[in-house]
file work.cif (mmCIF, C-alpha atoms)
data_target
#
loop_
_atom_site.group_PDB
_atom_site.id
_atom_site.type_symbol
_atom_site.label_atom_id
_atom_site.label_comp_id
_atom_site.auth_asym_id
_atom_site.auth_seq_id
_atom_site.Cartn_x
_atom_site.Cartn_y
_atom_site.Cartn_z
ATOM 1 C CA MET A 366 37.773 13.034 70.155
ATOM 2 C CA ALA A 367 34.944 15.514 69.623
ATOM 3 C CA SER A 368 37.085 17.446 67.180
ATOM 4 C CA SER A 369 37.890 14.271 65.275
ATOM 5 C CA ALA A 370 34.217 13.271 65.139
ATOM 6 C CA MET A 371 33.278 16.721 63.901
ATOM 7 C CA ILE A 372 35.903 16.555 61.178
ATOM 8 C CA THR A 373 34.627 13.130 60.154
ATOM 9 C CA LEU A 374 31.052 14.414 60.072
ATOM 10 C CA LEU A 375 32.052 17.398 57.957
ATOM 11 C CA VAL A 376 33.918 15.144 55.561
ATOM 12 C CA VAL A 377 30.909 12.843 55.248
ATOM 13 C CA LEU A 378 28.575 15.778 54.737
ATOM 14 C CA GLY A 379 30.964 17.186 52.164
ATOM 15 C CA LEU A 380 31.064 13.892 50.311
ATOM 16 C CA ILE A 381 27.278 13.680 50.388
ATOM 17 C CA ALA A 382 27.014 17.224 49.080
ATOM 18 C CA ALA A 383 29.552 16.529 46.349
ATOM 19 C CA TRP A 384 27.674 13.355 45.398
ATOM 20 C CA ALA A 385 24.384 15.268 45.301
ATOM 21 C CA VAL A 386 25.882 17.999 43.121
ATOM 22 C CA TRP A 387 27.411 15.386 40.817
ATOM 23 C CA THR A 388 24.115 13.514 40.660
ATOM 24 C CA TYR A 389 22.346 16.754 39.745
ATOM 25 C CA GLN A 390 24.826 18.152 37.243
ATOM 26 C CA GLY A 391 26.682 15.088 35.996
ATOM 27 C CA PRO A 392 25.596 12.511 33.387
ATOM 28 C CA GLY A 393 22.345 10.733 34.167
ATOM 29 C CA PRO A 394 21.475 7.051 33.785
ATOM 30 C CA THR A 395 22.055 5.301 30.458
ATOM 31 C CA ALA A 396 18.911 4.399 28.496
ATOM 32 C CA LYS A 397 18.680 0.916 27.004
ATOM 33 C CA THR A 398 16.956 2.229 23.879
ATOM 34 C CA GLY A 399 18.882 5.494 23.590
ATOM 35 C CA VAL A 400 16.065 7.561 25.085
ATOM 36 C CA HIS A 401 14.104 7.646 28.357
ATOM 37 C CA SER A 402 10.320 7.963 28.039
ATOM 38 C CA VAL A 403 8.001 8.875 30.893
ATOM 39 C CA VAL A 404 4.467 10.214 31.242
ATOM 40 C CA LEU A 405 3.795 12.513 34.186
ATOM 41 C CA ARG A 406 0.101 12.532 34.912
ATOM 42 C CA ARG A 407 -1.852 15.715 35.411
ATOM 43 C CA GLY A 408 -2.255 16.514 39.091
ATOM 44 C CA ALA A 409 0.769 14.500 40.208
ATOM 45 C CA GLY A 410 2.632 15.881 43.222
ATOM 46 C CA LEU A 411 6.373 16.373 43.511
ATOM 47 C CA ASN A 412 6.928 13.070 45.304
ATOM 48 C CA GLU A 413 5.045 11.150 42.600
ATOM 49 C CA ILE A 414 6.947 12.941 39.831
ATOM 50 C CA ALA A 415 10.308 12.187 41.423
ATOM 51 C CA ALA A 416 9.381 8.535 41.952
ATOM 52 C CA ALA A 417 8.122 8.206 38.365
ATOM 53 C CA LEU A 418 11.366 9.640 36.997
ATOM 54 C CA GLU A 419 13.483 7.288 39.080
ATOM 55 C CA LYS A 420 11.353 4.272 38.136
ATOM 56 C CA ALA A 421 11.638 5.162 34.431
ATOM 57 C CA GLY A 422 15.414 5.420 34.773
ATOM 58 C CA VAL A 423 15.445 9.107 33.931
ATOM 59 C CA VAL A 424 17.131 10.108 37.208
ATOM 60 C CA SER A 425 19.232 7.991 39.570
ATOM 61 C CA SER A 426 17.915 9.488 42.815
ATOM 62 C CA ALA A 427 14.379 10.635 43.595
ATOM 63 C CA PRO A 428 15.472 12.353 46.847
ATOM 64 C CA VAL A 429 18.081 14.434 45.018
ATOM 65 C CA PHE A 430 15.491 15.427 42.401
ATOM 66 C CA LEU A 431 13.095 16.402 45.200
ATOM 67 C CA ALA A 432 15.732 18.543 46.866
ATOM 68 C CA ALA A 433 16.811 20.147 43.592
ATOM 69 C CA ALA A 434 13.218 21.016 42.665
ATOM 70 C CA GLN A 435 12.697 22.697 46.022
ATOM 71 C CA ILE A 436 16.050 24.519 46.109
ATOM 72 C CA THR A 437 15.596 25.884 42.566
ATOM 73 C CA GLN A 438 11.940 26.773 43.339
ATOM 74 C CA ALA A 439 10.798 24.663 40.400
ATOM 75 C CA ALA A 440 8.634 22.379 42.540
ATOM 76 C CA ARG A 441 5.383 24.248 41.792
ATOM 77 C CA GLU A 442 6.163 24.835 38.125
ATOM 78 C CA LEU A 443 6.547 21.243 36.917
ATOM 79 C CA LYS A 444 4.315 20.462 33.916
ATOM 80 C CA ALA A 445 2.414 17.236 33.291
ATOM 81 C CA GLY A 446 2.761 15.418 29.998
ATOM 82 C CA GLU A 447 4.830 12.975 28.008
ATOM 83 C CA TYR A 448 8.590 13.495 28.024
ATOM 84 C CA GLU A 449 11.575 11.979 26.279
ATOM 85 C CA PHE A 450 15.111 12.488 27.556
ATOM 86 C CA PRO A 451 18.302 11.418 25.786
ATOM 87 C CA SER A 452 20.408 8.736 27.381
ATOM 88 C CA GLY A 453 22.652 10.211 30.062
ATOM 89 C CA ALA A 454 20.700 13.487 30.307
ATOM 90 C CA PRO A 455 21.790 15.377 33.469
ATOM 91 C CA MET A 456 19.190 15.779 36.177
ATOM 92 C CA SER A 457 19.539 19.542 35.799
ATOM 93 C CA GLN A 458 18.369 19.249 32.181
ATOM 94 C CA VAL A 459 15.520 16.912 33.152
ATOM 95 C CA LEU A 460 14.298 19.356 35.788
ATOM 96 C CA GLU A 461 14.496 22.315 33.417
ATOM 97 C CA ASP A 462 12.680 20.459 30.627
ATOM 98 C CA ILE A 463 9.815 19.510 32.942
ATOM 99 C CA ARG A 464 9.725 23.009 34.388
ATOM 100 C CA SER A 465 9.489 24.457 30.861
ATOM 101 C CA GLY A 466 6.949 21.866 29.710
ATOM 102 C CA ARG A 467 9.024 20.548 26.800
ATOM 103 C CA VAL A 468 6.644 17.669 26.216
ATOM 104 C CA VAL A 469 6.699 15.259 23.287
ATOM 105 C CA ARG A 470 4.747 16.620 20.336
ATOM 106 C CA HIS A 471 2.848 14.105 18.227
ATOM 107 C CA GLN A 472 1.536 14.852 14.743
ATOM 108 C CA VAL A 473 -1.477 13.930 12.673
ATOM 109 C CA THR A 474 -1.728 14.759 8.971
ATOM 110 C CA ILE A 475 -5.051 15.263 7.214
ATOM 111 C CA PRO A 476 -4.421 14.793 3.468
ATOM 112 C CA GLU A 477 -5.906 17.283 1.043
ATOM 113 C CA GLY A 478 -9.197 16.044 -0.345
ATOM 114 C CA TYR A 479 -10.126 13.926 2.683
ATOM 115 C CA THR A 480 -13.742 14.091 3.707
ATOM 116 C CA SER A 481 -14.592 15.165 7.243
ATOM 117 C CA GLU A 482 -15.603 11.602 8.054
ATOM 118 C CA MET A 483 -12.193 10.316 6.945
ATOM 119 C CA ALA A 484 -10.458 13.004 9.010
ATOM 120 C CA VAL A 485 -12.347 11.968 12.133
ATOM 121 C CA GLU A 486 -11.417 8.340 11.488
ATOM 122 C CA LEU A 487 -7.741 9.364 11.434
ATOM 123 C CA LEU A 488 -8.131 11.174 14.748
ATOM 124 C CA MET A 489 -9.867 8.173 16.302
ATOM 125 C CA LYS A 490 -6.913 5.979 15.349
ATOM 126 C CA GLU A 491 -4.458 8.210 17.221
ATOM 127 C CA ALA A 492 -3.998 6.319 20.489
ATOM 128 C CA ALA A 493 -2.311 9.302 22.153
ATOM 129 C CA LEU A 494 -5.532 11.340 21.877
ATOM 130 C CA THR A 495 -8.581 11.036 24.106
ATOM 131 C CA GLY A 496 -12.326 11.557 23.827
ATOM 132 C CA GLU A 497 -14.946 11.141 21.121
ATOM 133 C CA VAL A 498 -15.807 13.629 18.380
ATOM 134 C CA ALA A 499 -18.719 14.037 16.026
ATOM 135 C CA THR A 500 -18.090 14.481 12.307
ATOM 136 C CA PRO A 501 -17.992 18.211 11.491
ATOM 137 C CA PRO A 502 -19.585 19.697 8.362
ATOM 138 C CA GLU A 503 -17.964 18.783 5.057
ATOM 139 C CA GLY A 504 -15.324 21.273 4.002
ATOM 140 C CA SER A 505 -14.892 22.808 7.464
ATOM 141 C CA LEU A 506 -11.352 21.475 8.084
ATOM 142 C CA LEU A 507 -8.019 22.649 6.694
ATOM 143 C CA PRO A 508 -5.960 19.630 5.568
ATOM 144 C CA GLU A 509 -2.517 20.032 7.106
ATOM 145 C CA THR A 510 -0.207 18.499 9.720
ATOM 146 C CA TYR A 511 -1.177 19.303 13.303
ATOM 147 C CA ASP A 512 0.810 18.878 16.521
ATOM 148 C CA PHE A 513 -0.741 17.534 19.687
ATOM 149 C CA GLU A 514 0.255 16.282 23.132
ATOM 150 C CA ARG A 515 -0.432 12.842 24.564
ATOM 151 C CA GLY A 516 -3.716 12.913 26.431
ATOM 152 C CA GLU A 517 -5.100 15.891 24.509
ATOM 153 C CA GLU A 518 -8.783 15.812 23.587
ATOM 154 C CA ARG A 519 -9.603 14.956 19.977
ATOM 155 C CA ALA A 520 -12.162 17.739 20.056
ATOM 156 C CA ALA A 521 -9.385 20.269 20.738
ATOM 157 C CA VAL A 522 -7.352 19.080 17.746
ATOM 158 C CA LEU A 523 -10.436 19.119 15.535
ATOM 159 C CA LYS A 524 -11.189 22.677 16.642
ATOM 160 C CA ARG A 525 -7.687 23.761 15.601
ATOM 161 C CA MET A 526 -8.333 22.297 12.153
ATOM 162 C CA MET A 527 -11.604 24.207 11.860
ATOM 163 C CA ASP A 528 -10.109 27.440 13.193
ATOM 164 C CA ALA A 529 -7.223 27.172 10.712
ATOM 165 C CA GLN A 530 -9.677 26.803 7.840
ATOM 166 C CA ASP A 531 -11.757 29.764 9.022
ATOM 167 C CA GLU A 532 -8.667 31.951 9.341
ATOM 168 C CA LEU A 533 -7.305 31.043 5.908
ATOM 169 C CA LEU A 534 -10.664 31.408 4.206
ATOM 170 C CA ALA A 535 -11.234 34.831 5.746
ATOM 171 C CA THR A 536 -7.844 36.029 4.481
ATOM 172 C CA LEU A 537 -8.353 34.681 0.963
ATOM 173 C CA TRP A 538 -11.948 35.921 0.767
ATOM 174 C CA ASP A 539 -10.932 39.481 1.571
ATOM 175 C CA LYS A 540 -8.411 39.384 -1.304
ATOM 176 C CA ARG A 541 -10.652 37.560 -3.797
ATOM 177 C CA LYS A 542 -10.660 38.445 -7.460
ATOM 178 C CA ALA A 543 -13.467 40.592 -8.792
ATOM 179 C CA GLY A 544 -16.142 39.103 -11.012
ATOM 180 C CA LEU A 545 -16.206 35.620 -9.517
ATOM 181 C CA PRO A 546 -19.466 33.640 -9.716
ATOM 182 C CA ILE A 547 -19.092 32.884 -5.996
ATOM 183 C CA ARG A 548 -21.347 34.727 -3.583
ATOM 184 C CA THR A 549 -20.154 33.446 -0.204
ATOM 185 C CA PRO A 550 -17.075 31.903 1.426
ATOM 186 C CA GLU A 551 -19.055 28.679 1.735
ATOM 187 C CA GLU A 552 -19.502 28.547 -2.036
ATOM 188 C CA ALA A 553 -15.766 29.113 -2.416
ATOM 189 C CA VAL A 554 -15.100 26.047 -0.256
ATOM 190 C CA THR A 555 -17.557 24.002 -2.299
ATOM 191 C CA LEU A 556 -15.924 24.905 -5.598
ATOM 192 C CA ALA A 557 -12.439 24.416 -4.121
ATOM 193 C CA SER A 558 -13.414 20.926 -2.957
ATOM 194 C CA ILE A 559 -14.427 20.013 -6.524
ATOM 195 C CA VAL A 560 -11.141 21.422 -7.862
ATOM 196 C CA GLU A 561 -9.290 19.415 -5.211
ATOM 197 C CA LYS A 562 -10.867 16.149 -6.311
ATOM 198 C CA GLU A 563 -10.511 16.838 -10.041
ATOM 199 C CA THR A 564 -6.712 16.850 -10.080
ATOM 200 C CA GLY A 565 -3.912 15.534 -7.915
ATOM 201 C CA LEU A 566 -1.408 17.923 -9.475
ATOM 202 C CA ALA A 567 -0.938 21.137 -7.545
ATOM 203 C CA SER A 568 0.312 22.883 -10.677
ATOM 204 C CA GLU A 569 -3.015 22.232 -12.431
ATOM 205 C CA ARG A 570 -5.343 23.534 -9.754
ATOM 206 C CA PRO A 571 -5.338 27.168 -10.954
ATOM 207 C CA ARG A 572 -6.262 26.109 -14.511
ATOM 208 C CA VAL A 573 -8.951 23.704 -13.304
ATOM 209 C CA ALA A 574 -10.330 26.434 -11.063
ATOM 210 C CA ALA A 575 -10.303 28.923 -13.944
ATOM 211 C CA ALA A 576 -12.126 26.465 -16.208
ATOM 212 C CA PHE A 577 -14.834 25.900 -13.603
ATOM 213 C CA VAL A 578 -15.169 29.633 -12.931
ATOM 214 C CA ASN A 579 -15.546 30.239 -16.670
ATOM 215 C CA ARG A 580 -18.214 27.547 -16.903
ATOM 216 C CA LEU A 581 -20.170 29.018 -13.998
ATOM 217 C CA ASN A 582 -19.924 32.505 -15.465
ATOM 218 C CA ARG A 583 -21.257 31.216 -18.788
ATOM 219 C CA GLY A 584 -24.025 29.123 -17.248
ATOM 220 C CA ILE A 585 -22.402 25.833 -18.308
ATOM 221 C CA ARG A 586 -22.745 22.860 -15.979
ATOM 222 C CA LEU A 587 -19.573 21.758 -14.193
ATOM 223 C CA GLN A 588 -19.895 18.101 -15.249
ATOM 224 C CA SER A 589 -17.447 16.884 -12.628
ATOM 225 C CA ASP A 590 -17.155 13.134 -12.043
ATOM 226 C CA PRO A 591 -16.035 13.465 -8.391
ATOM 227 C CA THR A 592 -19.351 15.107 -7.536
ATOM 228 C CA ILE A 593 -21.203 12.043 -8.778
ATOM 229 C CA ILE A 594 -18.933 9.774 -6.747
ATOM 230 C CA TYR A 595 -19.558 11.836 -3.612
ATOM 231 C CA GLY A 596 -23.284 11.469 -4.102
ATOM 232 C CA ILE A 597 -22.854 7.684 -4.231
ATOM 233 C CA THR A 598 -20.170 6.957 -1.622
ATOM 234 C CA LYS A 599 -19.763 10.216 0.343
ATOM 235 C CA GLY A 600 -16.247 10.522 -1.010
ATOM 236 C CA ARG A 601 -15.032 6.952 -0.665
ATOM 237 C CA PRO A 602 -13.297 5.455 -3.719
ATOM 238 C CA LEU A 603 -15.867 4.026 -6.077
ATOM 239 C CA GLY A 604 -13.654 1.127 -7.112
ATOM 240 C CA ARG A 605 -15.035 1.135 -10.650
ATOM 241 C CA GLY A 606 -16.036 3.444 -13.428
ATOM 242 C CA ILE A 607 -19.127 5.630 -13.252
ATOM 243 C CA ARG A 608 -22.129 3.961 -14.861
ATOM 244 C CA ARG A 609 -24.318 5.569 -17.479
ATOM 245 C CA SER A 610 -27.285 5.346 -15.118
ATOM 246 C CA GLU A 611 -25.318 7.281 -12.506
ATOM 247 C CA LEU A 612 -24.443 9.990 -15.025
ATOM 248 C CA ASP A 613 -28.124 10.312 -15.891
ATOM 249 C CA ALA A 614 -29.431 10.211 -12.301
ATOM 250 C CA ALA A 615 -30.933 13.507 -11.123
ATOM 251 C CA THR A 616 -29.290 13.788 -7.709
ATOM 252 C CA PRO A 617 -28.212 16.947 -5.812
ATOM 253 C CA TYR A 618 -24.533 16.037 -6.354
ATOM 254 C CA ASN A 619 -24.670 15.179 -10.040
ATOM 255 C CA THR A 620 -23.199 18.234 -11.747
ATOM 256 C CA TYR A 621 -24.016 16.688 -15.121
ATOM 257 C CA GLN A 622 -27.672 17.184 -14.197
ATOM 258 C CA ILE A 623 -27.738 20.225 -11.898
ATOM 259 C CA ASP A 624 -26.808 23.839 -12.593
ATOM 260 C CA GLY A 625 -24.145 25.494 -10.497
ATOM 261 C CA LEU A 626 -22.542 24.080 -7.397
ATOM 262 C CA THR A 627 -23.352 21.067 -5.266
ATOM 263 C CA PRO A 628 -25.313 21.730 -2.041
ATOM 264 C CA THR A 629 -22.226 21.124 0.109
ATOM 265 C CA PRO A 630 -18.503 20.665 -0.422
ATOM 266 C CA ILE A 631 -17.459 17.160 -1.453
ATOM 267 C CA ALA A 632 -14.207 17.136 0.546
ATOM 268 C CA ASN A 633 -11.900 19.352 2.579
ATOM 269 C CA PRO A 634 -9.853 21.387 0.083
ATOM 270 C CA GLY A 635 -6.278 22.413 0.769
ATOM 271 C CA ARG A 636 -4.706 25.844 0.670
ATOM 272 C CA ALA A 637 -3.809 25.669 -3.027
ATOM 273 C CA SER A 638 -7.332 24.826 -4.156
ATOM 274 C CA LEU A 639 -8.913 27.541 -2.004
ATOM 275 C CA ALA A 640 -6.442 30.099 -3.319
ATOM 276 C CA ALA A 641 -7.033 28.939 -6.890
ATOM 277 C CA VAL A 642 -10.813 29.435 -6.881
ATOM 278 C CA LEU A 643 -10.580 32.870 -5.250
ATOM 279 C CA ASP A 644 -7.829 34.129 -7.538
ATOM 280 C CA PRO A 645 -7.949 32.062 -10.745
ATOM 281 C CA PRO A 646 -5.801 32.970 -13.753
ATOM 282 C CA ASP A 647 -7.370 34.791 -16.675
ATOM 283 C CA THR A 648 -8.065 32.154 -19.322
ATOM 284 C CA ASP A 649 -10.850 31.300 -21.760
ATOM 285 C CA GLU A 650 -10.541 27.546 -21.138
ATOM 286 C CA ILE A 651 -13.735 25.736 -20.224
ATOM 287 C CA PHE A 652 -12.870 22.099 -21.019
ATOM 288 C CA PHE A 653 -10.285 19.619 -19.770
ATOM 289 C CA VAL A 654 -9.756 15.899 -20.061
ATOM 290 C CA ALA A 655 -7.185 13.439 -18.722
ATOM 291 C CA ASP A 656 -4.008 13.117 -20.786
ATOM 292 C CA GLY A 657 -2.987 9.645 -19.629
ATOM 293 C CA THR A 658 -0.030 10.820 -17.528
ATOM 294 C CA GLY A 659 -1.918 11.893 -14.423
ATOM 295 C CA GLY A 660 -2.594 15.393 -15.724
ATOM 296 C CA HIS A 661 -5.089 17.031 -18.045
ATOM 297 C CA VAL A 662 -5.283 18.703 -21.441
ATOM 298 C CA PHE A 663 -7.240 21.969 -21.507
ATOM 299 C CA ALA A 664 -9.270 23.503 -24.297
ATOM 300 C CA SER A 665 -11.219 26.661 -25.028
ATOM 301 C CA THR A 666 -13.506 25.298 -27.760
ATOM 302 C CA LEU A 667 -15.641 22.197 -28.067
ATOM 303 C CA GLU A 668 -13.879 21.236 -31.298
ATOM 304 C CA GLU A 669 -10.485 21.302 -29.610
ATOM 305 C CA HIS A 670 -11.877 19.441 -26.606
ATOM 306 C CA ASN A 671 -13.342 16.703 -28.800
ATOM 307 C CA ARG A 672 -9.919 16.125 -30.340
ATOM 308 C CA ASN A 673 -8.422 15.859 -26.860
ATOM 309 C CA VAL A 674 -11.121 13.389 -25.828
ATOM 310 C CA ALA A 675 -10.426 11.261 -28.909
ATOM 311 C CA ARG A 676 -6.740 11.138 -28.017
ATOM 312 C CA TRP A 677 -7.608 10.161 -24.443
ATOM 313 C CA ARG A 678 -9.807 7.329 -25.689
ATOM 314 C CA GLU A 679 -6.912 6.060 -27.785
ATOM 315 C CA VAL A 680 -4.755 6.055 -24.661
ATOM 316 C CA GLU A 681 -7.427 4.117 -22.775
ATOM 317 C CA GLN A 682 -7.687 1.559 -25.585
ATOM 318 C CA GLN A 683 -3.913 1.079 -25.622
ATOM 319 C CA LYS A 684 -3.940 0.537 -21.865
ATOM 320 C CA SER A 685 -6.731 -2.014 -22.113
ATOM 321 C CA ARG A 686 -4.819 -3.959 -24.806
ATOM 322 C CA GLY A 687 -1.694 -3.996 -22.672
ATOM 323 C CA PRO A 688 1.934 -3.711 -23.863
ATOM 324 C CA ALA A 689 2.856 -4.939 -27.321
ATOM 325 C CA ARG A 690 4.560 -8.373 -27.500
#
call {"tool": "encode", "arguments": {"input": "work.cif", "output": "structure tokens"}}
result
Amino acid sequence: MASSAMITLLVVLGLIAAWAVWTYQGPGPTAKTGVHSVVLRRGAGLNEIAAALEKAGVVSSAPVFLAAAQITQAARELKAGEYEFPSGAPMSQVLEDIRSGRVVRHQVTIPEGYTSEMAVELLMKEAALTGEVATPPEGSLLPETYDFERGEERAAVLKRMMDAQDELLATLWDKRKAGLPIRTPEEAVTLASIVEKETGLASERPRVAAAFVNRLNRGIRLQSDPTIIYGITKGRPLGRGIRRSELDAATPYNTYQIDGLTPTPIANPGRASLAAVLDPPDTDEIFFVADGTGGHVFASTLEEHNRNVARWREVEQQKSRGPAR
């Protein structure tokens, strides 16, 4: 009898062990949406983590997960954060992913030419981020796509943007072209921000930068419309044309009225614009005007520029009349 009971007990224990191994290594629960999502809070203990995974449908047995974490010595290495697991993911994979901290990475993209205020507004709209941030100085951010984790501080993401800009600017400044009318890295950012706002075509930025550098070297005012707009709206779309009174107004950001650069950048320039102002091509062009296709026509003499302006005005008149009937 005792021998029979022992055999039965061993069989039961063997079945339990086989079930536990299957539960750990075999396919996990099926997700209704194709993926399991769960957030493991910072400071959560092993019991809470196991319960959260079972409740979210990630694992089928919290006790087996607890045992596996302890046996594999992963219990003290589990990372907090947001996780996504494919439907049917084995518990072994779930445990390894949490042990390795393979959390979900979110992204936020700061477009080139955004002001710092606009960039902060984008960060504030990201529900996965936490905390408040003050608007950093204009031109201090590098417009790019940045990864972040759920629950991360907005201030930490903003710091990465500022550090990226500092690092890029330092590299480009060290390799800058000789003879530039730019005395400091800050002035380079200011000029790059004006280049950024003058054209939406990446291919044109070197020529625009060269034209502005030539103007500064010759003591000619930049006469850039985006600088006027920044002085009026702090970089927000004006929604109309610039008025004659605004062209004539003597403000710090009106480059039709002031010599040299504006007192601050007028946006956050991207990599291409920064590179363009610190290593512009060798040209004698000092004028450019819109060509009606989204780009510009460049000129080296006032006579040539006036012809280009006349052609642009013809394009504007044709647009205002509308298509022929």
call {"tool": "closest_atom_pairs", "arguments": {"input": "work.cif", "of": "stretch 436-550 of chain A", "to": "stretch 560-572 of chain A", "cutoff": "12 Å", "atoms": "only C-alpha atoms", "output": "tab-separated table"}}
result
residue	atom	partner	partner_atom	distance
A:Pro476	CA	A:Glu561	CA	11.0
A:Glu477	CA	A:Glu561	CA	7.4
A:Gly478	CA	A:Glu561	CA	5.9
A:Tyr479	CA	A:Lys562	CA	9.3
A:Thr480	CA	A:Lys562	CA	10.6
A:Gly504	CA	A:Glu561	CA	11.2
A:Pro508	CA	A:Glu561	CA	11.3
call {"tool": "residues_around", "arguments": {"input": "work.cif", "residues": "A:Glu514", "least_positions_apart": "3", "cutoff": "7 Å", "atoms": "all atoms listed in the file", "output": "PyMOL selection string"}}
result
chain A and resi 469-471+517
call {"tool": "atom_distance", "arguments": {"input": "work.cif", "atom1": "atom CA of A:Asp590", "atom2": "atom CA of A:Glu669"}}
result
20.5 Å
call {"tool": "closest_residue", "arguments": {"input": "work.cif", "among": "A:Leu639, A:Leu411, A:Ala484, A:Ala493", "to": "A:Glu447", "atoms": "only C-alpha atoms"}}
result
A:Ala493
call {"tool": "atom_distance", "arguments": {"input": "work.cif", "atom1": "atom CA of A:Lys444", "atom2": "atom CA of A:Ala432"}}
result
17.4 Å
call {"tool": "atom_distance", "arguments": {"input": "work.cif", "atom1": "atom CA of A:Tyr511", "atom2": "atom CA of A:Arg636"}}
result
14.7 Å
call {"tool": "resolve_selection", "arguments": {"input": "work.cif", "expression": "the PyMOL selection byres ((chain A and resi 651) around 12)", "output": "VMD selection string"}}
result
chain A and resid 572 to 588 647 to 650 652 to 654 662 to 670
call {"tool": "closest_residue", "arguments": {"input": "work.cif", "among": "A:Gly660, A:Pro634, A:Pro602, A:Pro394", "to": "A:Glu419", "atoms": "all atoms listed in the file"}}
result
A:Pro394
